[in-house]
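Asker: A single structure is presented below for examination.
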Amino acid sequence: MRRKIRIGVPSHISRSSGNLIMKAEHKARIGTPVLDREGRRIGFVYDLFGPVSSPYIAVRPTIENPERYVDEPLYILGR
């Protein structure tokens with residue numbers, strides 16, 4: 001079974017794109033499904049940006065009311 005890897009905690013939702021924005025705690029690839037703590041898919045990694053030494057992740061939500069995930073840890077599945 002694949003284990004969940006915490007990628008970060010969203011600090012806010014971008015007003016212009018609607019993406020959840022978080023400081024990266026672990027590397028993630030664009031297009032990777034993003035899960036909540038229960039293992040439900042809530043979106044996918046849409047973009048990585050900022051300095052290489054301390055990048056940010058933008059998650060494109062595929063659910064309604066993504067604001068409920070602000071300040072909640074999000075995960076990807078490990079290999």
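Chain labels follow the order of the structure tokens: the first chain is A, the next B, and so on; residue numbering restarts at 1 in every chain, and ligands are counted from 1 in their shown order.
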Mind checking which residues fall within 10 Å of Gly31 of chain A, counting only C-alpha atoms, ignoring those fewer than 4 positions away in the same chain, and posting them as a ChimeraX atom specification?
Answerer: /A:43-47,59-60
Asker: At what distance in Å, to one decimal, does atom CA of Arg68 of chain A lie from atom CA of Gly50 of chain A?
Answerer: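 Atom CA of Arg68 of chain A lies 24.5 Å from atom CA of Gly50 of chain A.
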Asker: Hey, what's within 9 Å of segment 71-76 of chain A if we count only C-alpha atoms and toss same-chain stuff fewer than 2 positions away? As an NGL selection string, please?
Answerer: :A and (3-12 or 28 or 32-37 or 39 or 42 or 68-69 or 78)
Asker: Once DSSP has gone over the backbone, tell me which residues of segment 1-72 of chain A are in strand (DSSP E or B), as a list in words.
Answerer: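 DSSP-assigned strand (DSSP E or B) residues in segment 1-72 of chain A: Lys4, Ile5, Arg6, Ile7, Gly8, His12, Ile13, Leu20, Ile21, Met22, Lys23, Pro33, Val34, Leu35, Arg41, Ile42, Gly43, Phe44, Val45, Tyr46, Asp47, Leu48, Phe49, Tyr56, Ile57, Ala58, Val59, Arg60 and Pro61 of chain A.
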Asker: Please produce a file of the residues just selected, as a PDB file, in the first residue's frame, where the atoms kept are C-alpha atoms.
Answerer:
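Result file is part-v5.pdb:
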```
ATOM      1  CA  LYS A   4       0.588   9.461   2.256  1.00  0.00           C
ATOM      2  CA  ILE A   5       3.250  12.165   2.220  1.00  0.00           C
ATOM      3  CA  ARG A   6       2.396  15.570   3.652  1.00  0.00           C
ATOM      4  CA  ILE A   7       3.126  18.302   1.095  1.00  0.00           C
ATOM      5  CA  GLY A   8       1.994  21.328   3.082  1.00  0.00           C
ATOM      6  CA  HIS A  12      -4.958  30.906   1.499  1.00  0.00           C
ATOM      7  CA  ILE A  13      -6.844  30.651  -1.783  1.00  0.00           C
ATOM      8  CA  LEU A  20      -4.931  26.669  -2.737  1.00  0.00           C
ATOM      9  CA  ILE A  21      -1.458  28.122  -2.033  1.00  0.00           C
ATOM     10  CA  MET A  22       1.018  26.542   0.385  1.00  0.00           C
ATOM     11  CA  LYS A  23       4.698  26.435   1.223  1.00  0.00           C
ATOM     12  CA  PRO A  33      -3.413  14.108  -7.178  1.00  0.00           C
ATOM     13  CA  VAL A  34      -3.712  15.866  -3.806  1.00  0.00           C
ATOM     14  CA  LEU A  35      -5.532  14.254  -0.875  1.00  0.00           C
ATOM     15  CA  ARG A  41      -8.891  13.467  -3.605  1.00  0.00           C
ATOM     16  CA  ILE A  42      -9.463  17.211  -3.424  1.00  0.00           C
ATOM     17  CA  GLY A  43      -7.464  18.400  -6.443  1.00  0.00           C
ATOM     18  CA  PHE A  44      -4.078  18.198  -8.131  1.00  0.00           C
ATOM     19  CA  VAL A  45      -0.727  19.977  -8.095  1.00  0.00           C
ATOM     20  CA  TYR A  46      -1.181  22.768 -10.634  1.00  0.00           C
ATOM     21  CA  ASP A  47       2.058  24.720 -10.270  1.00  0.00           C
ATOM     22  CA  LEU A  48       5.322  24.998  -8.351  1.00  0.00           C
ATOM     23  CA  PHE A  49       6.735  28.501  -7.965  1.00  0.00           C
ATOM     24  CA  TYR A  56       5.391  27.035  -3.026  1.00  0.00           C
ATOM     25  CA  ILE A  57       2.717  24.713  -4.402  1.00  0.00           C
ATOM     26  CA  ALA A  58      -0.539  25.747  -6.075  1.00  0.00           C
ATOM     27  CA  VAL A  59      -3.257  23.097  -5.849  1.00  0.00           C
ATOM     28  CA  ARG A  60      -6.153  23.317  -8.310  1.00  0.00           C
ATOM     29  CA  PRO A  61      -9.211  22.138  -6.363  1.00  0.00           C
TER      30      PRO A  61
END
```
Asker: When distances are computed from only C-alpha atoms, which of A:Ala24, A:Arg79, A:Arg2, A:Ser16 shows the smallest separation from Ser54 of chain A?
Answerer: A:Ala24
Asker: Interatomic distance between atom CA of Arg29 of chain A and atom CA of Val52 of chain A?
Answerer: 13.8 Å
Asker: Do you have the atom CA of Pro51 of chain A-atom CA of Ile63 of chain A distance handy?
Answerer: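 Between these atoms lies a distance of 28.7 Å.
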Asker: Would you give me, as a compact mmCIF listing (two decimals) with C-alpha atoms, in the first residue's frame, the residues in chain A that DSSP reads as helix (DSSP H, G or I)?
Answerer:
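Output contents, as saved in out_15.txt:
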```
# COMPACT_ATOMS: atom_id res chain seq x y z
CA PRO A 66 -12.04 24.36 -1.13
CA GLU A 67 -11.73 27.11 1.51
CA ARG A 68 -12.42 24.45 4.16
CA TYR A 69 -8.90 23.10 3.46
```
